[in-house]
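As provided, start-v3.txt (compact mmCIF, N, CA and C atoms) reads as follows.
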```txt
# COMPACT_ATOMS: atom_id res chain seq x y z
N ASN A 1 6.99 -33.07 25.98
CA ASN A 1 6.52 -31.70 26.08
C ASN A 1 7.42 -30.81 25.20
N SER A 2 6.80 -29.91 24.42
CA SER A 2 7.61 -29.04 23.58
C SER A 2 7.36 -27.60 23.94
N SER A 3 8.34 -26.78 23.67
CA SER A 3 8.24 -25.34 23.90
C SER A 3 8.36 -24.65 22.56
N LYS A 4 7.41 -23.77 22.25
CA LYS A 4 7.44 -23.08 20.96
C LYS A 4 7.57 -21.59 21.20
N THR A 5 8.53 -20.98 20.51
CA THR A 5 8.76 -19.56 20.65
C THR A 5 8.91 -18.94 19.27
N ALA A 6 8.10 -17.93 18.97
CA ALA A 6 8.26 -17.20 17.71
C ALA A 6 9.22 -16.06 17.95
N LYS A 7 10.23 -15.96 17.11
CA LYS A 7 11.23 -14.92 17.26
C LYS A 7 11.06 -13.88 16.16
N ALA A 8 11.41 -12.65 16.45
CA ALA A 8 11.36 -11.58 15.46
C ALA A 8 12.27 -11.93 14.29
N GLY A 9 11.85 -11.54 13.10
CA GLY A 9 12.65 -11.83 11.92
C GLY A 9 12.26 -13.14 11.26
N GLY A 10 11.20 -13.77 11.75
CA GLY A 10 10.69 -14.96 11.10
C GLY A 10 11.34 -16.26 11.53
N HIS A 11 12.21 -16.24 12.51
CA HIS A 11 12.87 -17.46 12.95
C HIS A 11 12.14 -17.98 14.17
N SER A 12 11.58 -19.17 14.06
CA SER A 12 10.89 -19.78 15.19
C SER A 12 11.76 -20.90 15.73
N ALA A 13 11.75 -21.01 17.00
CA ALA A 13 12.53 -22.07 17.62
C ALA A 13 11.59 -22.93 18.45
N GLY A 14 11.71 -24.19 18.30
CA GLY A 14 10.95 -25.12 19.12
C GLY A 14 11.92 -26.11 19.70
N THR A 15 11.75 -26.41 20.94
CA THR A 15 12.65 -27.38 21.54
C THR A 15 11.83 -28.49 22.15
N ARG A 16 12.36 -29.65 22.03
CA ARG A 16 11.79 -30.82 22.67
C ARG A 16 12.92 -31.82 22.80
N GLU A 17 12.72 -32.76 23.60
CA GLU A 17 13.76 -33.77 23.72
C GLU A 17 13.90 -34.50 22.40
N GLY A 18 15.12 -34.67 21.97
CA GLY A 18 15.36 -35.39 20.74
C GLY A 18 15.79 -34.51 19.58
N GLY A 19 15.82 -33.19 19.72
CA GLY A 19 16.32 -32.37 18.64
C GLY A 19 15.45 -31.18 18.32
N LYS A 20 15.79 -30.53 17.20
CA LYS A 20 15.09 -29.32 16.78
C LYS A 20 13.82 -29.67 16.03
N THR A 21 12.90 -28.72 15.98
CA THR A 21 11.67 -28.89 15.22
C THR A 21 11.55 -27.77 14.20
N LEU A 22 10.77 -28.02 13.19
CA LEU A 22 10.50 -27.03 12.16
C LEU A 22 9.04 -26.64 12.27
N HIS A 23 8.77 -25.34 12.36
CA HIS A 23 7.40 -24.83 12.42
C HIS A 23 7.07 -24.22 11.06
N VAL A 24 6.02 -24.70 10.47
CA VAL A 24 5.57 -24.20 9.18
C VAL A 24 4.34 -23.33 9.43
N ILE A 25 4.43 -22.08 9.00
CA ILE A 25 3.35 -21.12 9.22
C ILE A 25 2.79 -20.70 7.88
N ALA A 26 1.48 -20.78 7.75
CA ALA A 26 0.82 -20.33 6.52
C ALA A 26 0.47 -18.86 6.66
N ALA A 27 0.65 -18.11 5.59
CA ALA A 27 0.25 -16.70 5.55
C ALA A 27 -0.59 -16.50 4.30
N THR A 28 -1.74 -15.86 4.45
CA THR A 28 -2.63 -15.62 3.33
C THR A 28 -3.40 -14.33 3.55
N SER A 29 -3.87 -13.73 2.46
CA SER A 29 -4.75 -12.57 2.59
C SER A 29 -6.20 -13.01 2.38
N ARG A 30 -6.42 -14.30 2.21
CA ARG A 30 -7.77 -14.84 2.04
C ARG A 30 -8.23 -15.47 3.34
N SER A 31 -9.11 -14.79 4.04
CA SER A 31 -9.58 -15.31 5.33
C SER A 31 -10.37 -16.60 5.15
N ASP A 32 -11.05 -16.79 4.02
CA ASP A 32 -11.79 -18.03 3.79
C ASP A 32 -10.85 -19.23 3.74
N ALA A 33 -9.69 -19.05 3.12
CA ALA A 33 -8.71 -20.14 3.05
C ALA A 33 -8.13 -20.42 4.43
N ALA A 34 -7.89 -19.37 5.19
CA ALA A 34 -7.32 -19.54 6.53
C ALA A 34 -8.27 -20.30 7.44
N CYS A 35 -9.54 -20.05 7.27
CA CYS A 35 -10.54 -20.67 8.14
C CYS A 35 -10.90 -22.09 7.72
N SER A 36 -10.64 -22.45 6.48
CA SER A 36 -11.06 -23.78 6.04
C SER A 36 -9.87 -24.71 5.84
N VAL A 37 -9.14 -24.53 4.79
CA VAL A 37 -8.11 -25.49 4.40
C VAL A 37 -6.81 -25.32 5.19
N LEU A 38 -6.31 -24.10 5.25
CA LEU A 38 -4.97 -23.89 5.78
C LEU A 38 -4.83 -24.24 7.26
N HIS A 39 -5.85 -23.94 8.05
CA HIS A 39 -5.69 -24.20 9.48
C HIS A 39 -5.62 -25.69 9.79
N GLU A 40 -6.09 -26.52 8.86
CA GLU A 40 -5.99 -27.97 9.04
C GLU A 40 -4.61 -28.49 8.65
N LEU A 41 -3.91 -27.74 7.79
CA LEU A 41 -2.63 -28.22 7.27
C LEU A 41 -1.41 -27.67 7.99
N PHE A 42 -1.55 -26.51 8.63
CA PHE A 42 -0.40 -25.83 9.23
C PHE A 42 -0.59 -25.67 10.72
N GLU A 43 0.54 -25.58 11.42
CA GLU A 43 0.50 -25.37 12.85
C GLU A 43 -0.08 -24.02 13.21
N GLU A 44 0.21 -23.03 12.39
CA GLU A 44 -0.28 -21.67 12.64
C GLU A 44 -0.64 -21.04 11.31
N THR A 45 -1.76 -20.33 11.29
CA THR A 45 -2.19 -19.64 10.07
C THR A 45 -2.41 -18.18 10.41
N THR A 46 -1.83 -17.32 9.60
CA THR A 46 -1.95 -15.88 9.81
C THR A 46 -2.61 -15.26 8.60
N VAL A 47 -3.65 -14.45 8.83
CA VAL A 47 -4.29 -13.72 7.75
C VAL A 47 -3.61 -12.35 7.65
N VAL A 48 -3.02 -12.09 6.50
CA VAL A 48 -2.33 -10.83 6.25
C VAL A 48 -3.31 -9.94 5.49
N PRO A 49 -3.59 -8.75 5.99
CA PRO A 49 -4.54 -7.88 5.29
C PRO A 49 -4.03 -7.49 3.91
N LEU A 50 -4.96 -7.19 3.01
CA LEU A 50 -4.59 -6.72 1.69
C LEU A 50 -3.82 -5.40 1.82
N LEU A 51 -2.90 -5.19 0.92
CA LEU A 51 -2.14 -3.94 0.91
C LEU A 51 -2.99 -2.89 0.19
N THR A 52 -3.21 -1.76 0.84
CA THR A 52 -4.08 -0.71 0.28
C THR A 52 -3.36 0.63 0.13
N LYS A 53 -2.10 0.68 0.50
CA LYS A 53 -1.32 1.91 0.39
C LYS A 53 -0.06 1.63 -0.42
N SER A 54 0.30 2.60 -1.27
CA SER A 54 1.48 2.39 -2.10
C SER A 54 2.75 2.23 -1.25
N GLU A 55 2.78 2.87 -0.10
CA GLU A 55 3.95 2.75 0.78
C GLU A 55 4.14 1.30 1.25
N GLU A 56 3.04 0.59 1.46
CA GLU A 56 3.13 -0.81 1.90
C GLU A 56 3.74 -1.68 0.80
N ILE A 57 3.29 -1.46 -0.43
CA ILE A 57 3.83 -2.23 -1.55
C ILE A 57 5.29 -1.86 -1.79
N GLN A 58 5.58 -0.58 -1.69
CA GLN A 58 6.95 -0.11 -1.89
C GLN A 58 7.90 -0.78 -0.89
N LYS A 59 7.47 -0.88 0.34
CA LYS A 59 8.30 -1.52 1.37
C LYS A 59 8.47 -3.01 1.06
N LEU A 60 7.40 -3.64 0.57
CA LEU A 60 7.43 -5.07 0.26
C LEU A 60 8.37 -5.39 -0.89
N VAL A 61 8.32 -4.60 -1.96
CA VAL A 61 9.06 -4.92 -3.19
C VAL A 61 10.37 -4.15 -3.34
N GLY A 62 10.65 -3.25 -2.44
CA GLY A 62 11.79 -2.34 -2.58
C GLY A 62 13.13 -2.98 -2.82
N ASP A 63 13.33 -4.21 -2.35
CA ASP A 63 14.63 -4.87 -2.50
C ASP A 63 14.66 -5.90 -3.63
N LEU A 64 13.63 -5.94 -4.47
CA LEU A 64 13.63 -6.91 -5.56
C LEU A 64 14.76 -6.59 -6.54
N PRO A 65 15.48 -7.60 -6.98
CA PRO A 65 16.59 -7.38 -7.92
C PRO A 65 16.09 -6.78 -9.23
N GLY A 66 16.79 -5.77 -9.71
CA GLY A 66 16.47 -5.16 -10.99
C GLY A 66 15.42 -4.07 -10.94
N LEU A 67 14.79 -3.87 -9.81
CA LEU A 67 13.73 -2.87 -9.70
C LEU A 67 14.33 -1.47 -9.71
N LYS A 68 13.81 -0.62 -10.60
CA LYS A 68 14.35 0.74 -10.76
C LYS A 68 13.60 1.79 -9.96
N ASP A 69 12.26 1.63 -9.81
CA ASP A 69 11.45 2.68 -9.19
C ASP A 69 10.27 2.07 -8.45
N ALA A 70 10.51 1.62 -7.23
CA ALA A 70 9.47 0.97 -6.44
C ALA A 70 8.29 1.91 -6.19
N GLU A 71 8.57 3.18 -6.00
CA GLU A 71 7.51 4.13 -5.68
C GLU A 71 6.49 4.24 -6.82
N SER A 72 6.95 4.44 -8.04
CA SER A 72 6.04 4.60 -9.18
C SER A 72 5.23 3.33 -9.44
N LEU A 73 5.88 2.18 -9.40
CA LEU A 73 5.17 0.93 -9.64
C LEU A 73 4.14 0.67 -8.54
N SER A 74 4.50 0.97 -7.30
CA SER A 74 3.58 0.78 -6.18
C SER A 74 2.36 1.67 -6.29
N LYS A 75 2.58 2.92 -6.69
CA LYS A 75 1.46 3.85 -6.87
C LYS A 75 0.53 3.39 -7.99
N LEU A 76 1.10 2.86 -9.07
CA LEU A 76 0.29 2.38 -10.17
C LEU A 76 -0.55 1.17 -9.75
N ILE A 77 0.03 0.27 -9.01
CA ILE A 77 -0.72 -0.91 -8.55
C ILE A 77 -1.91 -0.47 -7.71
N ILE A 78 -1.70 0.42 -6.76
CA ILE A 78 -2.80 0.88 -5.89
C ILE A 78 -3.83 1.66 -6.70
N HIS A 79 -3.38 2.46 -7.65
CA HIS A 79 -4.32 3.21 -8.50
C HIS A 79 -5.23 2.26 -9.28
N ARG A 80 -4.65 1.18 -9.80
CA ARG A 80 -5.41 0.26 -10.63
C ARG A 80 -6.13 -0.82 -9.82
N MET A 81 -5.71 -1.04 -8.59
CA MET A 81 -6.33 -2.05 -7.73
C MET A 81 -6.69 -1.40 -6.39
N PRO A 82 -7.64 -0.45 -6.41
CA PRO A 82 -7.92 0.35 -5.22
C PRO A 82 -8.51 -0.42 -4.04
N ASN A 83 -9.02 -1.62 -4.28
CA ASN A 83 -9.57 -2.42 -3.18
C ASN A 83 -8.49 -3.20 -2.44
N GLY A 84 -7.27 -3.08 -2.91
CA GLY A 84 -6.16 -3.75 -2.25
C GLY A 84 -5.63 -4.92 -3.05
N VAL A 85 -4.45 -5.35 -2.69
CA VAL A 85 -3.77 -6.44 -3.37
C VAL A 85 -3.03 -7.27 -2.34
N GLY A 86 -3.02 -8.57 -2.54
CA GLY A 86 -2.29 -9.46 -1.64
C GLY A 86 -0.79 -9.33 -1.83
N CYS A 87 -0.05 -9.71 -0.82
CA CYS A 87 1.42 -9.61 -0.88
C CYS A 87 2.00 -10.41 -2.04
N LYS A 88 1.55 -11.64 -2.19
CA LYS A 88 2.10 -12.49 -3.25
C LYS A 88 1.78 -11.92 -4.62
N THR A 89 0.57 -11.40 -4.78
CA THR A 89 0.18 -10.80 -6.06
C THR A 89 1.03 -9.58 -6.37
N ALA A 90 1.25 -8.73 -5.37
CA ALA A 90 2.06 -7.52 -5.58
C ALA A 90 3.48 -7.90 -6.00
N ILE A 91 4.06 -8.88 -5.35
CA ILE A 91 5.42 -9.31 -5.70
C ILE A 91 5.44 -9.87 -7.12
N ARG A 92 4.46 -10.71 -7.45
CA ARG A 92 4.40 -11.28 -8.80
C ARG A 92 4.26 -10.20 -9.87
N LEU A 93 3.40 -9.21 -9.62
CA LEU A 93 3.20 -8.14 -10.59
C LEU A 93 4.51 -7.39 -10.87
N VAL A 94 5.22 -7.04 -9.81
CA VAL A 94 6.45 -6.28 -9.97
C VAL A 94 7.54 -7.13 -10.62
N GLU A 95 7.67 -8.38 -10.19
CA GLU A 95 8.67 -9.26 -10.80
C GLU A 95 8.38 -9.46 -12.29
N ARG A 96 7.11 -9.63 -12.62
CA ARG A 96 6.73 -9.81 -14.02
C ARG A 96 7.00 -8.54 -14.83
N ALA A 97 6.75 -7.39 -14.24
CA ALA A 97 7.03 -6.12 -14.92
C ALA A 97 8.52 -5.97 -15.20
N ILE A 98 9.35 -6.32 -14.24
CA ILE A 98 10.80 -6.24 -14.41
C ILE A 98 11.23 -7.17 -15.55
N SER A 99 10.76 -8.41 -15.50
CA SER A 99 11.13 -9.39 -16.51
C SER A 99 10.65 -8.98 -17.90
N THR A 100 9.41 -8.53 -17.99
CA THR A 100 8.85 -8.10 -19.27
C THR A 100 9.62 -6.91 -19.82
N ALA A 101 9.89 -5.95 -18.98
CA ALA A 101 10.61 -4.75 -19.41
C ALA A 101 12.01 -5.09 -19.90
N ASN A 102 12.66 -6.04 -19.27
CA ASN A 102 14.01 -6.43 -19.66
C ASN A 102 14.05 -7.08 -21.04
N ARG A 103 12.88 -7.51 -21.53
CA ARG A 103 12.82 -8.17 -22.84
C ARG A 103 12.01 -7.36 -23.86
N MET A 104 11.70 -6.10 -23.54
CA MET A 104 10.84 -5.29 -24.41
C MET A 104 11.45 -4.95 -25.75
N ASN A 105 12.70 -4.66 -25.80
CA ASN A 105 13.34 -4.20 -27.03
C ASN A 105 14.09 -5.33 -27.72
N GLY A 106 13.37 -6.37 -28.07
CA GLY A 106 13.99 -7.48 -28.77
C GLY A 106 14.18 -8.68 -27.87
N SER A 107 14.81 -9.68 -28.41
CA SER A 107 14.96 -10.94 -27.68
C SER A 107 16.16 -10.95 -26.74
N VAL A 108 17.04 -9.97 -26.87
CA VAL A 108 18.22 -9.92 -26.00
C VAL A 108 17.86 -9.18 -24.71
N PRO A 109 17.94 -9.88 -23.57
CA PRO A 109 17.61 -9.20 -22.31
C PRO A 109 18.56 -8.02 -22.05
N HIS A 110 18.00 -6.96 -21.49
CA HIS A 110 18.79 -5.79 -21.12
C HIS A 110 18.27 -5.24 -19.81
N GLN A 111 19.00 -4.34 -19.21
CA GLN A 111 18.54 -3.70 -17.97
C GLN A 111 17.55 -2.60 -18.34
N ALA A 112 16.29 -2.85 -18.07
CA ALA A 112 15.23 -1.91 -18.45
C ALA A 112 15.30 -0.63 -17.62
N SER A 113 14.80 0.43 -18.22
CA SER A 113 14.72 1.72 -17.53
C SER A 113 13.47 1.76 -16.65
N LYS A 114 13.37 2.81 -15.82
CA LYS A 114 12.19 3.03 -15.00
C LYS A 114 10.94 3.10 -15.87
N ALA A 115 11.03 3.86 -16.98
CA ALA A 115 9.89 4.04 -17.87
C ALA A 115 9.45 2.71 -18.49
N GLU A 116 10.41 1.87 -18.87
CA GLU A 116 10.07 0.57 -19.46
C GLU A 116 9.40 -0.34 -18.44
N GLN A 117 9.86 -0.31 -17.20
CA GLN A 117 9.23 -1.12 -16.16
C GLN A 117 7.81 -0.65 -15.89
N LEU A 118 7.61 0.66 -15.86
CA LEU A 118 6.28 1.22 -15.63
C LEU A 118 5.35 0.86 -16.79
N GLN A 119 5.84 0.97 -18.01
CA GLN A 119 5.05 0.61 -19.19
C GLN A 119 4.67 -0.86 -19.17
N ALA A 120 5.60 -1.72 -18.79
CA ALA A 120 5.34 -3.16 -18.71
C ALA A 120 4.26 -3.44 -17.67
N LEU A 121 4.35 -2.78 -16.52
CA LEU A 121 3.34 -2.99 -15.48
C LEU A 121 1.97 -2.51 -15.95
N GLU A 122 1.91 -1.39 -16.66
CA GLU A 122 0.64 -0.90 -17.20
C GLU A 122 0.02 -1.94 -18.12
N GLN A 123 0.83 -2.55 -18.98
CA GLN A 123 0.32 -3.57 -19.89
C GLN A 123 -0.18 -4.79 -19.13
N ILE A 124 0.54 -5.20 -18.12
CA ILE A 124 0.14 -6.36 -17.31
C ILE A 124 -1.19 -6.07 -16.61
N LEU A 125 -1.32 -4.89 -16.03
CA LEU A 125 -2.56 -4.53 -15.34
C LEU A 125 -3.72 -4.40 -16.33
N ASP A 126 -3.45 -3.91 -17.54
CA ASP A 126 -4.48 -3.87 -18.59
C ASP A 126 -4.96 -5.28 -18.92
N ASP A 127 -4.02 -6.21 -19.05
CA ASP A 127 -4.38 -7.60 -19.34
C ASP A 127 -5.24 -8.19 -18.23
N ILE A 128 -4.88 -7.91 -16.98
CA ILE A 128 -5.65 -8.42 -15.85
C ILE A 128 -7.07 -7.86 -15.88
N ALA A 129 -7.20 -6.57 -16.13
CA ALA A 129 -8.52 -5.94 -16.19
C ALA A 129 -9.35 -6.55 -17.31
N GLY A 130 -8.74 -6.76 -18.47
CA GLY A 130 -9.44 -7.37 -19.59
C GLY A 130 -9.85 -8.80 -19.30
N ASP A 131 -8.96 -9.57 -18.69
CA ASP A 131 -9.28 -10.96 -18.34
C ASP A 131 -10.42 -11.03 -17.34
N THR A 132 -10.40 -10.12 -16.36
CA THR A 132 -11.45 -10.09 -15.34
C THR A 132 -12.80 -9.75 -15.97
N ALA A 133 -12.82 -8.77 -16.86
CA ALA A 133 -14.06 -8.38 -17.54
C ALA A 133 -14.59 -9.52 -18.39
N LEU A 134 -13.70 -10.19 -19.12
CA LEU A 134 -14.11 -11.30 -19.96
C LEU A 134 -14.65 -12.45 -19.13
N ALA A 135 -13.97 -12.76 -18.04
CA ALA A 135 -14.43 -13.84 -17.16
C ALA A 135 -15.80 -13.52 -16.59
N GLY A 136 -16.03 -12.26 -16.24
CA GLY A 136 -17.34 -11.85 -15.72
C GLY A 136 -18.44 -12.05 -16.74
N ARG A 137 -18.16 -11.74 -17.99
CA ARG A 137 -19.17 -11.92 -19.06
C ARG A 137 -19.40 -13.40 -19.33
N LEU A 138 -18.36 -14.19 -19.30
CA LEU A 138 -18.50 -15.63 -19.59
C LEU A 138 -19.26 -16.35 -18.49
N CYS A 139 -19.19 -15.82 -17.28
CA CYS A 139 -19.83 -16.51 -16.15
C CYS A 139 -21.23 -15.99 -15.85
N GLU A 140 -21.74 -15.07 -16.65
CA GLU A 140 -23.09 -14.57 -16.43
C GLU A 140 -24.10 -15.67 -16.70
N VAL A 141 -25.12 -15.74 -15.84
CA VAL A 141 -26.18 -16.71 -16.01
C VAL A 141 -27.36 -16.01 -16.64
N TYR A 142 -27.85 -16.56 -17.75
CA TYR A 142 -28.98 -15.96 -18.45
C TYR A 142 -30.27 -16.65 -18.10
```

Produce structure tokens that represent the structure in this file.
Amino acid sequence: NSSKTAKAGGHSAGTREGGKTLHVIAATSRSDAACSVLHELFEETTVVPLLTKSEEIQKLVGDLPGLKDAESLSKLIIHRMPNGVGCKTAIRLVERAISTANRMNGSVPHQASKAEQLQALEQILDDIAGDTALAGRLCEVY
């Protein structure tokens, strides 16, 4: 018999005779994945709603290393993705903007400014919009 307890802060403890257990929890913003594949693979699956407010993204990415202005980047993401964005996507966008901005002025990495990070994110979001439009045209059935 095992006892499972979820603790605040993401630490779960399970006890059973013979030692400690590890609980693997899947988190996704795709309810279709949670209902089909993930629930078969993980002990627990949680559907995380899409982030639709800049404050939510700001809280998520606020501690990322090298980030100069979480508020401005978060507002831009919501402005350009008004239907919401998943947590993993938001983190990837901001991390990519930081990395791109740090390499904007030549091949030598430097600590990018707020403006450079914002410019990098704008370019990344432009690329995503262009890729989405192109994919939509390529997948049209005539």

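Atom CA of A:Asp63 to atom CA of A:Pro82 spans 23.3 Å [interatomic distance, one decimal].
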
**Message:** Considering only helix (DSSP H, G or I) as DSSP defines it on the backbone, what residues of stretch 34-140 of chain A qualify? List them as a ChimeraX atom specification.
**Reply:** /A:34-41,54-61,70-80,87-102,114-138

**Request:** Write down as a VMD selection string the residues of stretch 22-139 of chain A whose backbone DSSP state falls under strand (DSSP E or B).
**Result:** chain A and resid 25 to 28 44 to 47 51 85

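Taking atom N of A:His110 and atom CA of A:Ile98 as endpoints, the distance between them is 10.1 Å.
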
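Between atom CA of A:Ala135 and atom CA of A:Val37 lies a distance of 25.3 Å.
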
**Request:** Find the residues around A:Ala120 up to 9 Å (only C-alpha atoms counted), leave out those fewer than 3 positions away in its own chain, and share them as a PyMOL selection string.
**Result:** chain A and resi 96-101+104+115-117+123-125

For the selection you just gave me, I'd like the residues written to a file as a PDB file, in the frame of the given file, keeping N, CA and C atoms.
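Dumped everything to result_17.pdb:
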```pdb
ATOM      1  N   ARG A  96       7.110  -9.630 -12.620  1.00  0.00           N
ATOM      2  CA  ARG A  96       6.730  -9.810 -14.020  1.00  0.00           C
ATOM      3  C   ARG A  96       7.000  -8.540 -14.830  1.00  0.00           C
ATOM      4  N   ALA A  97       6.750  -7.390 -14.240  1.00  0.00           N
ATOM      5  CA  ALA A  97       7.030  -6.120 -14.920  1.00  0.00           C
ATOM      6  C   ALA A  97       8.520  -5.970 -15.200  1.00  0.00           C
ATOM      7  N   ILE A  98       9.350  -6.320 -14.240  1.00  0.00           N
ATOM      8  CA  ILE A  98      10.800  -6.240 -14.410  1.00  0.00           C
ATOM      9  C   ILE A  98      11.230  -7.170 -15.550  1.00  0.00           C
ATOM     10  N   SER A  99      10.760  -8.410 -15.500  1.00  0.00           N
ATOM     11  CA  SER A  99      11.130  -9.390 -16.510  1.00  0.00           C
ATOM     12  C   SER A  99      10.650  -8.980 -17.900  1.00  0.00           C
ATOM     13  N   THR A 100       9.410  -8.530 -17.990  1.00  0.00           N
ATOM     14  CA  THR A 100       8.850  -8.100 -19.270  1.00  0.00           C
ATOM     15  C   THR A 100       9.620  -6.910 -19.820  1.00  0.00           C
ATOM     16  N   ALA A 101       9.890  -5.950 -18.980  1.00  0.00           N
ATOM     17  CA  ALA A 101      10.610  -4.750 -19.410  1.00  0.00           C
ATOM     18  C   ALA A 101      12.010  -5.090 -19.900  1.00  0.00           C
ATOM     19  N   MET A 104      11.700  -6.100 -23.540  1.00  0.00           N
ATOM     20  CA  MET A 104      10.840  -5.290 -24.410  1.00  0.00           C
ATOM     21  C   MET A 104      11.450  -4.950 -25.750  1.00  0.00           C
ATOM     22  N   ALA A 115      11.030   3.860 -16.980  1.00  0.00           N
ATOM     23  CA  ALA A 115       9.890   4.040 -17.870  1.00  0.00           C
ATOM     24  C   ALA A 115       9.450   2.710 -18.490  1.00  0.00           C
ATOM     25  N   GLU A 116      10.410   1.870 -18.870  1.00  0.00           N
ATOM     26  CA  GLU A 116      10.070   0.570 -19.460  1.00  0.00           C
ATOM     27  C   GLU A 116       9.400  -0.340 -18.440  1.00  0.00           C
ATOM     28  N   GLN A 117       9.860  -0.310 -17.200  1.00  0.00           N
ATOM     29  CA  GLN A 117       9.230  -1.120 -16.160  1.00  0.00           C
ATOM     30  C   GLN A 117       7.810  -0.650 -15.890  1.00  0.00           C
ATOM     31  N   GLN A 123       0.830  -2.550 -18.980  1.00  0.00           N
ATOM     32  CA  GLN A 123       0.320  -3.570 -19.890  1.00  0.00           C
ATOM     33  C   GLN A 123      -0.180  -4.790 -19.130  1.00  0.00           C
ATOM     34  N   ILE A 124       0.540  -5.200 -18.120  1.00  0.00           N
ATOM     35  CA  ILE A 124       0.140  -6.360 -17.310  1.00  0.00           C
ATOM     36  C   ILE A 124      -1.190  -6.070 -16.610  1.00  0.00           C
ATOM     37  N   LEU A 125      -1.320  -4.890 -16.030  1.00  0.00           N
ATOM     38  CA  LEU A 125      -2.560  -4.530 -15.340  1.00  0.00           C
ATOM     39  C   LEU A 125      -3.720  -4.400 -16.330  1.00  0.00           C
TER      40      LEU A 125
END
```

**Message:** At a cut-off of 8 Å, using all atoms listed in the file, what residues contact A:Gly86? Leave out same-chain residues fewer than 6 positions from it and give the result as a list in words.
**Reply:** Thr28, Ser29, Arg30, Val48, Pro49, Leu50, Leu51, Thr52 and Arg92 of chain A

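For the choices A:Lys68, A:His79, A:His39, A:Lys88, the atom-to-atom distance to A:Ser54 is smallest for A:His79 when using only N, CA and C atoms.
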
Residues near A:Thr45, anyone? I mean within 10 Å using only C-alpha atoms, not counting same-chain ones fewer than 6 positions away, as an mmCIF file with N, CA and C atoms, in the coordinates of the input.
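Just written: result_12.cif:
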```
data_model
loop_
_atom_site.group_PDB
_atom_site.id
_atom_site.type_symbol
_atom_site.label_atom_id
_atom_site.label_comp_id
_atom_site.auth_asym_id
_atom_site.auth_seq_id
_atom_site.Cartn_x
_atom_site.Cartn_y
_atom_site.Cartn_z
ATOM 1 N N VAL A 24 6.020 -24.700 10.470
ATOM 2 C CA VAL A 24 5.570 -24.200 9.180
ATOM 3 C C VAL A 24 4.340 -23.330 9.430
ATOM 4 N N ILE A 25 4.430 -22.080 9.000
ATOM 5 C CA ILE A 25 3.350 -21.120 9.220
ATOM 6 C C ILE A 25 2.790 -20.700 7.880
ATOM 7 N N ALA A 26 1.480 -20.780 7.750
ATOM 8 C CA ALA A 26 0.820 -20.330 6.520
ATOM 9 C C ALA A 26 0.470 -18.860 6.660
ATOM 10 N N ALA A 27 0.650 -18.110 5.590
ATOM 11 C CA ALA A 27 0.250 -16.700 5.550
ATOM 12 C C ALA A 27 -0.590 -16.500 4.300
ATOM 13 N N THR A 28 -1.740 -15.860 4.450
ATOM 14 C CA THR A 28 -2.630 -15.620 3.330
ATOM 15 C C THR A 28 -3.400 -14.330 3.550
ATOM 16 N N SER A 31 -9.110 -14.790 4.040
ATOM 17 C CA SER A 31 -9.580 -15.310 5.330
ATOM 18 C C SER A 31 -10.370 -16.600 5.150
ATOM 19 N N ALA A 33 -9.690 -19.050 3.120
ATOM 20 C CA ALA A 33 -8.710 -20.140 3.050
ATOM 21 C C ALA A 33 -8.130 -20.420 4.430
ATOM 22 N N ALA A 34 -7.890 -19.370 5.190
ATOM 23 C CA ALA A 34 -7.320 -19.540 6.530
ATOM 24 C C ALA A 34 -8.270 -20.300 7.440
ATOM 25 N N CYS A 35 -9.540 -20.050 7.270
ATOM 26 C CA CYS A 35 -10.540 -20.670 8.140
ATOM 27 C C CYS A 35 -10.900 -22.090 7.720
ATOM 28 N N LEU A 38 -6.310 -24.100 5.250
ATOM 29 C CA LEU A 38 -4.970 -23.890 5.780
ATOM 30 C C LEU A 38 -4.830 -24.240 7.260
ATOM 31 N N HIS A 39 -5.850 -23.940 8.050
ATOM 32 C CA HIS A 39 -5.690 -24.200 9.480
ATOM 33 C C HIS A 39 -5.620 -25.690 9.790
#
```

**Asked** Between A:Glu122, A:Glu40, A:Glu56, A:Asp32, which one has atoms that come closest to A:Leu76, using only N, CA and C atoms?
**Response** A:Glu122

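Nearest to A:Gln58 of all the residues A:Lys114, A:Val94, A:His23, A:Thr89 is A:Val94, based on only C-alpha atoms.
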
**Message:** Between A:Leu73, A:Glu55, A:Glu44, A:Leu67, which residue has the minimum interatomic distance to A:Leu118, considering only N, CA and C atoms?
**Reply:** A:Leu73

**Asked** Which residue out of A:Leu22, A:Val47, A:Leu41, A:Leu121 has the minimum interatomic distance to A:Ile77 when all atoms listed in the file are used?
**Response** A:Leu121
